[in-house]
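Printed here is upload.pdb (PDB, C-alpha atoms):
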```pdb
ATOM      1  CA  MET A   1      27.367 -41.472 -18.174
ATOM      2  CA  ARG A   2      25.301 -44.385 -16.888
ATOM      3  CA  ALA A   3      26.277 -47.681 -18.527
ATOM      4  CA  PHE A   4      22.683 -48.611 -19.355
ATOM      5  CA  GLU A   5      19.276 -47.132 -20.112
ATOM      6  CA  LEU A   6      16.962 -47.229 -17.098
ATOM      7  CA  LEU A   7      13.328 -47.866 -17.992
ATOM      8  CA  THR A   8      10.124 -48.278 -16.026
ATOM      9  CA  ASP A   9       6.380 -48.176 -16.651
ATOM     10  CA  SER A  10       4.234 -45.251 -15.571
ATOM     11  CA  SER A  11       2.446 -47.243 -12.858
ATOM     12  CA  CYS A  12       5.471 -46.418 -10.666
ATOM     13  CA  ASP A  13       3.912 -42.929 -10.200
ATOM     14  CA  LEU A  14       7.226 -41.082 -10.005
ATOM     15  CA  PRO A  15       6.645 -37.330 -10.503
ATOM     16  CA  ARG A  16       7.847 -35.799 -13.764
ATOM     17  CA  GLU A  17      10.533 -33.723 -12.029
ATOM     18  CA  ILE A  18      11.981 -36.841 -10.361
ATOM     19  CA  VAL A  19      11.990 -38.759 -13.652
ATOM     20  CA  GLU A  20      13.898 -35.912 -15.304
ATOM     21  CA  GLU A  21      16.288 -35.425 -12.381
ATOM     22  CA  PHE A  22      17.323 -39.092 -12.303
ATOM     23  CA  GLY A  23      17.416 -39.724 -16.062
ATOM     24  CA  ILE A  24      14.651 -42.358 -16.172
ATOM     25  CA  THR A  25      12.760 -43.379 -19.312
ATOM     26  CA  MET A  26       9.056 -43.694 -18.511
ATOM     27  CA  LEU A  27       6.849 -45.976 -20.626
ATOM     28  CA  PRO A  28       3.229 -44.723 -20.464
ATOM     29  CA  MET A  29       0.498 -47.216 -19.607
ATOM     30  CA  SER A  30      -3.112 -46.519 -20.510
ATOM     31  CA  PHE A  31      -6.611 -46.784 -19.074
ATOM     32  CA  THR A  32     -10.164 -46.441 -20.385
ATOM     33  CA  LEU A  33     -12.781 -44.356 -18.591
ATOM     34  CA  GLY A  34     -16.238 -43.648 -19.974
ATOM     35  CA  GLY A  35     -15.338 -45.242 -23.279
ATOM     36  CA  GLN A  36     -12.331 -42.956 -23.810
ATOM     37  CA  THR A  37      -8.753 -44.185 -23.636
ATOM     38  CA  TYR A  38      -6.146 -42.094 -21.862
ATOM     39  CA  HIS A  39      -2.389 -42.490 -21.442
ATOM     40  CA  GLU A  40      -0.744 -41.845 -18.105
ATOM     41  CA  ASP A  41       0.792 -38.490 -18.983
ATOM     42  CA  TYR A  42       1.278 -36.786 -15.611
ATOM     43  CA  TRP A  43      -2.438 -35.851 -15.594
ATOM     44  CA  ALA A  44      -2.194 -33.726 -18.737
ATOM     45  CA  SER A  45      -5.239 -35.275 -20.462
ATOM     46  CA  ILE A  46      -7.464 -35.685 -17.385
ATOM     47  CA  THR A  47      -7.144 -34.024 -13.987
ATOM     48  CA  PRO A  48      -6.896 -36.029 -10.752
ATOM     49  CA  ASP A  49     -10.080 -34.368  -9.480
ATOM     50  CA  GLU A  50     -12.036 -35.413 -12.558
ATOM     51  CA  PHE A  51     -10.630 -38.944 -12.577
ATOM     52  CA  TYR A  52     -11.220 -39.678  -8.900
ATOM     53  CA  THR A  53     -14.651 -37.999  -8.880
ATOM     54  CA  ARG A  54     -15.801 -40.114 -11.798
ATOM     55  CA  VAL A  55     -14.383 -43.313 -10.310
ATOM     56  CA  LYS A  56     -15.982 -42.549  -6.934
ATOM     57  CA  SER A  57     -19.337 -41.990  -8.652
ATOM     58  CA  GLY A  58     -19.193 -45.542 -10.013
ATOM     59  CA  GLU A  59     -17.569 -45.225 -13.445
ATOM     60  CA  LYS A  60     -15.344 -48.182 -14.234
ATOM     61  CA  SER A  61     -11.740 -47.475 -15.163
ATOM     62  CA  MET A  62     -10.149 -50.335 -17.103
ATOM     63  CA  THR A  63      -6.361 -50.517 -17.357
ATOM     64  CA  THR A  64      -4.375 -51.802 -20.338
ATOM     65  CA  LEU A  65      -1.094 -53.714 -20.255
ATOM     66  CA  PHE A  66       2.039 -52.501 -22.016
ATOM     67  CA  ASN A  67       2.139 -55.313 -24.572
ATOM     68  CA  ARG A  68       5.013 -57.493 -25.729
ATOM     69  CA  GLU A  69       5.262 -55.933 -29.185
ATOM     70  CA  ALA A  70       5.566 -52.446 -27.712
ATOM     71  CA  PHE A  71       8.372 -53.620 -25.423
ATOM     72  CA  VAL A  72      10.192 -55.232 -28.365
ATOM     73  CA  LYS A  73      10.070 -51.908 -30.241
ATOM     74  CA  VAL A  74      11.417 -49.934 -27.277
ATOM     75  CA  PHE A  75      14.152 -52.474 -26.465
ATOM     76  CA  SER A  76      15.241 -52.797 -30.099
ATOM     77  CA  ASP A  77      15.531 -49.039 -30.596
ATOM     78  CA  ILE A  78      17.820 -48.795 -27.553
ATOM     79  CA  ALA A  79      19.868 -51.893 -28.441
ATOM     80  CA  GLN A  80      20.501 -50.517 -31.932
ATOM     81  CA  LYS A  81      22.245 -47.583 -30.257
ATOM     82  CA  GLY A  82      24.608 -50.002 -28.499
ATOM     83  CA  ARG A  83      23.060 -49.533 -25.071
ATOM     84  CA  ASP A  84      22.178 -52.094 -22.402
ATOM     85  CA  ILE A  85      18.842 -51.927 -20.592
ATOM     86  CA  VAL A  86      17.443 -52.315 -17.080
ATOM     87  CA  LEU A  87      13.641 -52.271 -16.871
ATOM     88  CA  VAL A  88      11.864 -52.274 -13.492
ATOM     89  CA  CYS A  89       8.230 -53.444 -13.679
ATOM     90  CA  LEU A  90       5.068 -53.399 -11.614
ATOM     91  CA  SER A  91       4.622 -56.596  -9.578
ATOM     92  CA  GLY A  92       4.027 -59.622 -11.793
ATOM     93  CA  ASN A  93       1.317 -60.791  -9.378
ATOM     94  CA  ILE A  94      -0.620 -57.577  -9.962
ATOM     95  CA  SER A  95      -0.115 -57.109 -13.703
ATOM     96  CA  GLY A  96       0.926 -59.072 -16.778
ATOM     97  CA  THR A  97       3.293 -56.270 -17.809
ATOM     98  CA  TYR A  98       6.298 -58.059 -16.313
ATOM     99  CA  GLU A  99       5.573 -61.259 -18.242
ATOM    100  CA  ASN A 100       5.240 -59.278 -21.484
ATOM    101  CA  ALA A 101       8.556 -57.521 -20.825
ATOM    102  CA  VAL A 102      10.377 -60.793 -20.147
ATOM    103  CA  GLY A 103       9.082 -62.246 -23.415
ATOM    104  CA  ALA A 104      10.160 -59.141 -25.297
ATOM    105  CA  ALA A 105      13.649 -59.275 -23.746
ATOM    106  CA  GLU A 106      13.996 -62.856 -24.971
ATOM    107  CA  ASP A 107      12.957 -61.779 -28.472
ATOM    108  CA  VAL A 108      15.416 -58.884 -28.566
ATOM    109  CA  ALA A 109      18.259 -61.054 -27.252
ATOM    110  CA  LYS A 110      18.043 -63.124 -30.438
ATOM    111  CA  SER A 111      18.591 -60.056 -32.613
ATOM    112  CA  PHE A 112      21.097 -58.324 -30.339
ATOM    113  CA  PRO A 113      22.993 -61.078 -28.478
ATOM    114  CA  GLU A 114      25.773 -58.668 -27.489
ATOM    115  CA  ARG A 115      23.351 -56.453 -25.502
ATOM    116  CA  ARG A 116      22.115 -57.027 -21.953
ATOM    117  CA  VAL A 117      18.380 -56.543 -21.356
ATOM    118  CA  ARG A 118      17.498 -57.149 -17.700
ATOM    119  CA  VAL A 119      13.868 -57.090 -16.548
ATOM    120  CA  VAL A 120      13.250 -56.837 -12.792
ATOM    121  CA  ASP A 121       9.910 -57.676 -11.134
ATOM    122  CA  SER A 122       9.648 -55.054  -8.391
ATOM    123  CA  ILE A 123       7.142 -57.256  -6.448
ATOM    124  CA  ASN A 124       5.695 -53.879  -5.559
ATOM    125  CA  ALA A 125       3.338 -51.216  -6.878
ATOM    126  CA  THR A 126       3.011 -47.469  -7.421
ATOM    127  CA  ILE A 127       5.844 -45.425  -5.909
ATOM    128  CA  GLY A 128       7.178 -48.467  -4.005
ATOM    129  CA  HIS A 129       7.974 -49.785  -7.465
ATOM    130  CA  GLY A 130       9.302 -46.268  -8.123
ATOM    131  CA  LEU A 131      11.536 -46.451  -5.059
ATOM    132  CA  LEU A 132      13.320 -49.424  -6.611
ATOM    133  CA  VAL A 133      13.769 -47.434  -9.828
ATOM    134  CA  LEU A 134      15.448 -44.633  -7.864
ATOM    135  CA  ASN A 135      17.807 -47.154  -6.285
ATOM    136  CA  ALA A 136      18.676 -48.426  -9.752
ATOM    137  CA  ALA A 137      19.449 -44.881 -10.900
ATOM    138  CA  LEU A 138      21.785 -44.296  -7.958
ATOM    139  CA  LYS A 139      23.654 -47.571  -8.503
ATOM    140  CA  GLY A 140      24.022 -46.867 -12.205
ATOM    141  CA  ASP A 141      25.367 -43.406 -11.442
ATOM    142  CA  ASP A 142      27.862 -45.014  -9.046
ATOM    143  CA  GLY A 143      29.256 -47.084 -11.924
ATOM    144  CA  MET A 144      27.350 -50.375 -11.791
ATOM    145  CA  ASN A 145      26.588 -51.992 -15.145
ATOM    146  CA  ALA A 146      23.208 -53.431 -16.153
ATOM    147  CA  ASP A 147      23.812 -56.898 -14.676
ATOM    148  CA  GLU A 148      25.260 -55.577 -11.426
ATOM    149  CA  THR A 149      22.364 -53.165 -10.992
ATOM    150  CA  ALA A 150      19.686 -55.762 -11.767
ATOM    151  CA  ASP A 151      21.312 -58.261  -9.394
ATOM    152  CA  TYR A 152      21.370 -55.604  -6.673
ATOM    153  CA  LEU A 153      17.659 -54.866  -7.222
ATOM    154  CA  GLU A 154      16.810 -58.560  -6.979
ATOM    155  CA  GLU A 155      18.240 -58.476  -3.451
ATOM    156  CA  VAL A 156      17.054 -55.093  -2.160
ATOM    157  CA  LYS A 157      13.480 -55.494  -3.422
ATOM    158  CA  HIS A 158      12.834 -57.991  -0.625
ATOM    159  CA  LYS A 159      13.504 -55.198   1.887
ATOM    160  CA  THR A 160      11.436 -52.588   0.034
ATOM    161  CA  TYR A 161       8.142 -52.299   1.890
ATOM    162  CA  ALA A 162       4.704 -51.116   0.833
ATOM    163  CA  PHE A 163       1.960 -50.301   3.341
ATOM    164  CA  PHE A 164      -1.289 -48.565   2.488
ATOM    165  CA  THR A 165      -4.795 -47.852   3.665
ATOM    166  CA  VAL A 166      -7.980 -47.083   1.756
ATOM    167  CA  ASP A 167     -10.944 -44.841   2.460
ATOM    168  CA  ASP A 168     -13.616 -46.891   0.676
ATOM    169  CA  LEU A 169     -13.620 -50.633   1.360
ATOM    170  CA  MET A 170     -15.934 -51.320  -1.585
ATOM    171  CA  PHE A 171     -13.042 -50.744  -4.005
ATOM    172  CA  LEU A 172     -11.181 -53.629  -2.349
ATOM    173  CA  HIS A 173     -14.301 -55.761  -2.657
ATOM    174  CA  ALA A 174     -14.636 -54.896  -6.368
ATOM    175  CA  GLY A 175     -11.015 -55.919  -6.841
ATOM    176  CA  GLY A 176     -11.571 -59.261  -5.123
ATOM    177  CA  ARG A 177      -9.508 -58.325  -2.042
ATOM    178  CA  LEU A 178     -12.395 -58.279   0.459
ATOM    179  CA  SER A 179     -15.776 -60.003   0.756
ATOM    180  CA  LYS A 180     -18.880 -57.862   0.271
ATOM    181  CA  PHE A 181     -20.004 -58.610   3.835
ATOM    182  CA  SER A 182     -16.636 -57.536   5.278
ATOM    183  CA  ALA A 183     -16.608 -54.392   3.149
ATOM    184  CA  ILE A 184     -20.109 -53.332   4.218
ATOM    185  CA  ALA A 185     -19.570 -54.277   7.875
ATOM    186  CA  GLY A 186     -16.199 -52.546   7.990
ATOM    187  CA  SER A 187     -17.632 -49.393   6.438
ATOM    188  CA  MET A 188     -20.462 -49.285   8.994
ATOM    189  CA  LEU A 189     -18.001 -49.697  11.879
ATOM    190  CA  GLY A 190     -15.510 -47.199  10.470
ATOM    191  CA  VAL A 191     -12.849 -49.898  10.122
ATOM    192  CA  LYS A 192      -9.896 -49.007   7.897
ATOM    193  CA  PRO A 193      -7.620 -51.879   6.868
ATOM    194  CA  VAL A 194      -3.880 -51.394   6.559
ATOM    195  CA  LEU A 195      -2.588 -53.570   3.746
ATOM    196  CA  TRP A 196       0.881 -54.476   2.590
ATOM    197  CA  VAL A 197       2.516 -56.065  -0.438
ATOM    198  CA  ASP A 198       3.728 -59.497   0.656
ATOM    199  CA  THR A 199       6.769 -61.539  -0.311
ATOM    200  CA  GLU A 200       5.148 -62.647  -3.580
ATOM    201  CA  GLY A 201       4.023 -59.168  -4.603
ATOM    202  CA  SER A 202       0.366 -59.736  -3.678
ATOM    203  CA  LEU A 203      -1.841 -57.486  -1.523
ATOM    204  CA  LYS A 204      -2.568 -58.725   2.019
ATOM    205  CA  VAL A 205      -4.267 -57.231   5.082
ATOM    206  CA  SER A 206      -1.724 -56.403   7.790
ATOM    207  CA  ASP A 207      -4.072 -54.894  10.368
ATOM    208  CA  LYS A 208      -7.398 -53.093  10.816
ATOM    209  CA  LYS A 209      -7.853 -49.804  12.613
ATOM    210  CA  ARG A 210     -10.917 -47.908  13.785
ATOM    211  CA  GLY A 211     -10.926 -44.556  12.046
ATOM    212  CA  ARG A 212      -8.893 -42.856   9.341
ATOM    213  CA  LYS A 213      -6.350 -41.107  11.570
ATOM    214  CA  ALA A 214      -5.472 -44.337  13.366
ATOM    215  CA  SER A 215      -4.894 -46.120  10.055
ATOM    216  CA  LEU A 216      -2.587 -43.323   8.835
ATOM    217  CA  GLU A 217      -0.573 -43.392  12.044
ATOM    218  CA  TRP A 218      -0.303 -47.170  11.833
ATOM    219  CA  LEU A 219       1.493 -46.858   8.491
ATOM    220  CA  VAL A 220       4.329 -45.113  10.316
ATOM    221  CA  GLU A 221       4.259 -47.727  13.090
ATOM    222  CA  CYS A 222       4.695 -50.413  10.431
ATOM    223  CA  MET A 223       7.795 -48.600   9.201
ATOM    224  CA  ALA A 224       9.187 -48.661  12.745
ATOM    225  CA  LYS A 225       8.573 -52.412  12.929
ATOM    226  CA  CYS A 226      10.680 -52.969   9.812
ATOM    227  CA  SER A 227      13.515 -50.488  10.193
ATOM    228  CA  ASP A 228      15.800 -48.926  12.775
ATOM    229  CA  THR A 229      14.496 -45.465  13.720
ATOM    230  CA  SER A 230      18.102 -44.230  13.966
ATOM    231  CA  LYS A 231      18.993 -45.379  10.457
ATOM    232  CA  LYS A 232      19.204 -42.715   7.751
ATOM    233  CA  HIS A 233      16.776 -43.348   4.900
ATOM    234  CA  LYS A 234      17.812 -42.162   1.448
ATOM    235  CA  PHE A 235      14.195 -42.099   0.261
ATOM    236  CA  VAL A 236      10.758 -42.568   1.748
ATOM    237  CA  THR A 237       7.964 -42.320  -0.800
ATOM    238  CA  ILE A 238       4.275 -41.589  -0.204
ATOM    239  CA  ALA A 239       1.427 -41.725  -2.734
ATOM    240  CA  HIS A 240      -2.108 -40.424  -2.205
ATOM    241  CA  GLY A 241      -5.349 -40.947  -4.093
ATOM    242  CA  ASN A 242      -6.428 -37.294  -4.261
ATOM    243  CA  CYS A 243      -6.105 -36.842  -0.474
ATOM    244  CA  LYS A 244      -3.042 -34.618  -0.250
ATOM    245  CA  GLU A 245      -3.738 -33.443   3.315
ATOM    246  CA  ASP A 246      -3.545 -37.033   4.564
ATOM    247  CA  GLY A 247      -0.320 -37.460   2.616
ATOM    248  CA  GLU A 248       1.137 -34.343   4.195
ATOM    249  CA  TYR A 249       0.153 -35.626   7.643
ATOM    250  CA  VAL A 250       1.955 -38.953   7.119
ATOM    251  CA  LYS A 251       4.961 -37.147   5.623
ATOM    252  CA  LYS A 252       5.161 -34.974   8.749
ATOM    253  CA  LEU A 253       5.018 -38.062  11.019
ATOM    254  CA  VAL A 254       7.804 -39.754   9.051
ATOM    255  CA  GLU A 255      10.048 -36.691   9.140
ATOM    256  CA  GLU A 256       9.519 -36.284  12.893
ATOM    257  CA  ARG A 257      10.296 -39.904  13.713
ATOM    258  CA  PHE A 258      12.918 -40.952  11.165
ATOM    259  CA  ASP A 259      16.173 -39.579   9.781
ATOM    260  CA  THR A 260      15.212 -39.105   6.147
ATOM    261  CA  GLU A 261      17.241 -37.515   3.367
ATOM    262  CA  ARG A 262      14.245 -37.118   1.079
ATOM    263  CA  VAL A 263      10.517 -37.796   1.459
ATOM    264  CA  ILE A 264       8.710 -37.783  -1.901
ATOM    265  CA  LEU A 265       4.953 -37.161  -1.849
ATOM    266  CA  THR A 266       3.081 -37.793  -5.086
ATOM    267  CA  MET A 267      -0.368 -38.393  -6.528
ATOM    268  CA  LEU A 268      -1.413 -42.010  -7.001
ATOM    269  CA  GLY A 269      -1.714 -42.520 -10.757
ATOM    270  CA  ALA A 270      -4.791 -43.665 -12.652
ATOM    271  CA  VAL A 271      -3.516 -47.200 -13.362
ATOM    272  CA  ILE A 272      -3.197 -48.078  -9.670
ATOM    273  CA  GLY A 273      -5.923 -45.632  -8.590
ATOM    274  CA  SER A 274      -8.401 -47.490 -10.822
ATOM    275  CA  HIS A 275      -8.203 -50.419  -8.423
ATOM    276  CA  SER A 276      -7.619 -48.752  -5.049
ATOM    277  CA  GLY A 277      -9.936 -45.760  -5.414
ATOM    278  CA  PRO A 278      -9.869 -42.217  -4.047
ATOM    279  CA  GLY A 279      -8.641 -41.768  -0.489
ATOM    280  CA  THR A 280      -5.891 -44.370  -0.778
ATOM    281  CA  LEU A 281      -2.733 -43.466   1.134
ATOM    282  CA  ALA A 282       0.406 -45.567   0.634
ATOM    283  CA  MET A 283       3.956 -45.290   1.963
ATOM    284  CA  PHE A 284       7.119 -47.097   0.912
ATOM    285  CA  PHE A 285      10.609 -47.445   2.342
ATOM    286  CA  GLU A 286      13.620 -49.726   2.509
ATOM    287  CA  GLY A 287      13.613 -51.687   5.761
ATOM    288  CA  ASP A 288      16.312 -53.532   7.684
ATOM    289  CA  ILE A 289      14.636 -56.948   7.486
ATOM    290  CA  VAL A 290      13.405 -58.910   4.495
ATOM    291  CA  ARG A 291       9.668 -59.221   3.931
ATOM    292  CA  THR A 292       9.615 -62.857   5.037
ATOM    293  CA  GLU A 293      10.771 -61.792   8.503
ATOM    294  CA  PHE A 294       8.006 -59.219   8.751
ATOM    295  CA  GLU A 295       5.437 -61.680   7.436
ATOM    296  CA  ASN A 296       6.382 -64.232  10.081
ATOM    297  CA  ASN A 297       6.382 -61.712  12.941
ATOM    298  CA  LYS A 298       3.951 -58.961  11.877
ATOM    299  CA  LYS A 299       1.520 -59.744  14.678
TER
END
```
Mind converting the file's structure to structure tokens?
Amino acid sequence: MRAFELLTDSSCDLPREIVEEFGITMLPMSFTLGGQTYHEDYWASITPDEFYTRVKSGEKSMTTLFNREAFVKVFSDIAQKGRDIVLVCLSGNISGTYENAVGAAEDVAKSFPERRVRVVDSINATIGHGLLVLNAALKGDDGMNADETADYLEEVKHKTYAFFTVDDLMFLHAGGRLSKFSAIAGSMLGVKPVLWVDTEGSLKVSDKKRGRKASLEWLVECMAKCSDTSKKHKFVTIAHGNCKEDGEYVKKLVEERFDTERVILTMLGAVIGSHSGPGTLAMFFEGDIVRTEFENNKK
């Protein structure tokens, strides 16, 4: 039995079957679309086709943080059972969820000083954040306690890479990631940016490619820049914004080029998809160099 409860928020986009297989507790985040509030529930209350069609047509999807009081309730219920906790959160530079969780852990520590509640900022998003959760599950199953696992994650997260491309540049403009002029000009020229999550957990442009196929292939090239092609990868994770064929294409390229034990392809959830839009394709892996090394030499 694992020595701690492993928690994460639903923005990690891990599929239900993976969550069940690895014994992860998922905390559902919520979003509002067309005046109605939905919880991330593995697309039970709204289908991906409906969500992405409505977002593409111009409807605004507003996401809601998992608040401090809700975290206190979850942590307290687990601590009362005599269990320690490791929670892995969406990047603190993307969402305030991490800050709320840290505050809640401090509150719970006062009531349950004998329990360990460790909150880890993944400095990542979607299933890159989920990749770190899977690593935590494996370490816990190998016998690490809550502190040992959290300390391990604090190290390995700096080698956990996120690269992605988008189909519609105007979503990046709406999110403040690209100027309106650049978005319009890039769309007219067929330019597709490849972005990455930097050392602080913020989104940055890594490169720009002409055409969709070139941008997808560049994701795999970025993986080669950060990791040894002969190294065996436990997990490579890929998330798509309702563009499964593109996801399958990238998955095929990864499996042909790298020694991978398991490549997980999943749908990009509504919380992250609200900001990146339909047609987003993201891939995540553990590299051999830390992100600072890639940042300094990515050109």
Check your understanding: Hey, what comes out of the PyMOL selection byres ((chain A and resi 221-224) around 10) on this file? Could you write it as a VMD selection string?
Key -> chain A and resid 161 to 163 194 196 206 to 207 215 to 220 225 to 229 253 to 254 257 to 258 283 to 288 294 298
Check your understanding: What does the PyMOL selection byres ((chain A and resi 265) around 9) select in this file, as a list in words?
Key ->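 Expected selection for the PyMOL selection byres ((chain A and resi 265) around 9) here is Pro15, Val236, Thr237, Ile238, Ala239, His240, Lys244, Gly247, Glu248, Lys251, Val263, Ile264, Thr266 and Met267 of chain A.
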File of the preceding selection, C-alpha atoms, as a PDB file, in the coordinates of the input:
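Contents of selection.pdb, as written:
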```pdb
ATOM      1  CA  PRO A  15       6.645 -37.330 -10.503  1.00  0.00           C
ATOM      2  CA  VAL A 236      10.758 -42.568   1.748  1.00  0.00           C
ATOM      3  CA  THR A 237       7.964 -42.320  -0.800  1.00  0.00           C
ATOM      4  CA  ILE A 238       4.275 -41.589  -0.204  1.00  0.00           C
ATOM      5  CA  ALA A 239       1.427 -41.725  -2.734  1.00  0.00           C
ATOM      6  CA  HIS A 240      -2.108 -40.424  -2.205  1.00  0.00           C
ATOM      7  CA  LYS A 244      -3.042 -34.618  -0.250  1.00  0.00           C
ATOM      8  CA  GLY A 247      -0.320 -37.460   2.616  1.00  0.00           C
ATOM      9  CA  GLU A 248       1.137 -34.343   4.195  1.00  0.00           C
ATOM     10  CA  LYS A 251       4.961 -37.147   5.623  1.00  0.00           C
ATOM     11  CA  VAL A 263      10.517 -37.796   1.459  1.00  0.00           C
ATOM     12  CA  ILE A 264       8.710 -37.783  -1.901  1.00  0.00           C
ATOM     13  CA  THR A 266       3.081 -37.793  -5.086  1.00  0.00           C
ATOM     14  CA  MET A 267      -0.368 -38.393  -6.528  1.00  0.00           C
TER      15      MET A 267
END
```
Exercise for review: Apply the PyMOL selection byres ((chain A and resi 101-115) around 6) to the structure shown and report the selected residues as a PyMOL selection string.
Suggested key: chain A and resi 68+71-72+84+98-100+116-117
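Picture a line from CA of Cys243 (chain A) to CA of Glu200 (chain A); it runs 28.3 Å.
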Practice item. Could you jot down the CA of Met144 (chain A) to CA of Gly130 (chain A) separation for me, Å, one decimal place? Key: 18.9 Å
Restrict the calculation to only C-alpha atoms, then for each residue of region 215-281 of chain A with any atom at most 9 Å from an atom of region 36-55 of chain A give the closest atom pair and their distance in Å to one decimal, rows by chain and rising residue number, as JSON lines.
```
{"residue": "A:Gly241", "atom": "CA", "partner": "A:Tyr52", "partner_atom": "CA", "distance": 7.7}
{"residue": "A:Asn242", "atom": "CA", "partner": "A:Pro48", "partner_atom": "CA", "distance": 6.6}
{"residue": "A:Met267", "atom": "CA", "partner": "A:Pro48", "partner_atom": "CA", "distance": 8.1}
{"residue": "A:Leu268", "atom": "CA", "partner": "A:Pro48", "partner_atom": "CA", "distance": 8.9}
{"residue": "A:Gly269", "atom": "CA", "partner": "A:Glu40", "partner_atom": "CA", "distance": 7.4}
{"residue": "A:Ala270", "atom": "CA", "partner": "A:Glu40", "partner_atom": "CA", "distance": 7.0}
{"residue": "A:Val271", "atom": "CA", "partner": "A:Glu40", "partner_atom": "CA", "distance": 7.7}
{"residue": "A:Gly273", "atom": "CA", "partner": "A:Tyr52", "partner_atom": "CA", "distance": 8.0}
{"residue": "A:Ser274", "atom": "CA", "partner": "A:Val55", "partner_atom": "CA", "distance": 7.3}
{"residue": "A:Gly277", "atom": "CA", "partner": "A:Val55", "partner_atom": "CA", "distance": 7.1}
{"residue": "A:Pro278", "atom": "CA", "partner": "A:Tyr52", "partner_atom": "CA", "distance": 5.6}
```
Taking all atoms of region 245-258 of chain A that appear in the file, build a box with edges along x, y and z, extend it by 4 Å on every side, and state its centre and edge lengths in Å to one decimal, as JSON.
```
{"center_x": 4.6, "center_y": -37.2, "center_z": 8.2, "size_x": 24.7, "size_y": 15.5, "size_z": 19.1}
```
**Study point:** Among the residues A:Ser230, A:Ser95, A:Gln80, A:Ser122, the one that comes closest to Leu153 (chain A) [using all atoms listed in the file]
**Key:** A:Ser122
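Here CA of Phe66 (chain A) stands at a distance of 18.2 Å from CA of Glu5 (chain A).
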Exercise for review: Just give me the residues with any atom within 6 Å of (10.6, -45.0, -17.4), file coordinates, counting all atoms listed in the file, written as a PyMOL selection string.
Suggested key: chain A and resi 7-9+24-27
Review point. Pick the closest to Glu20 (chain A) from A:Ala137, A:Phe164, A:Ile123, A:Arg210: which is it, counting only C-alpha atoms?
Key: A:Ala137
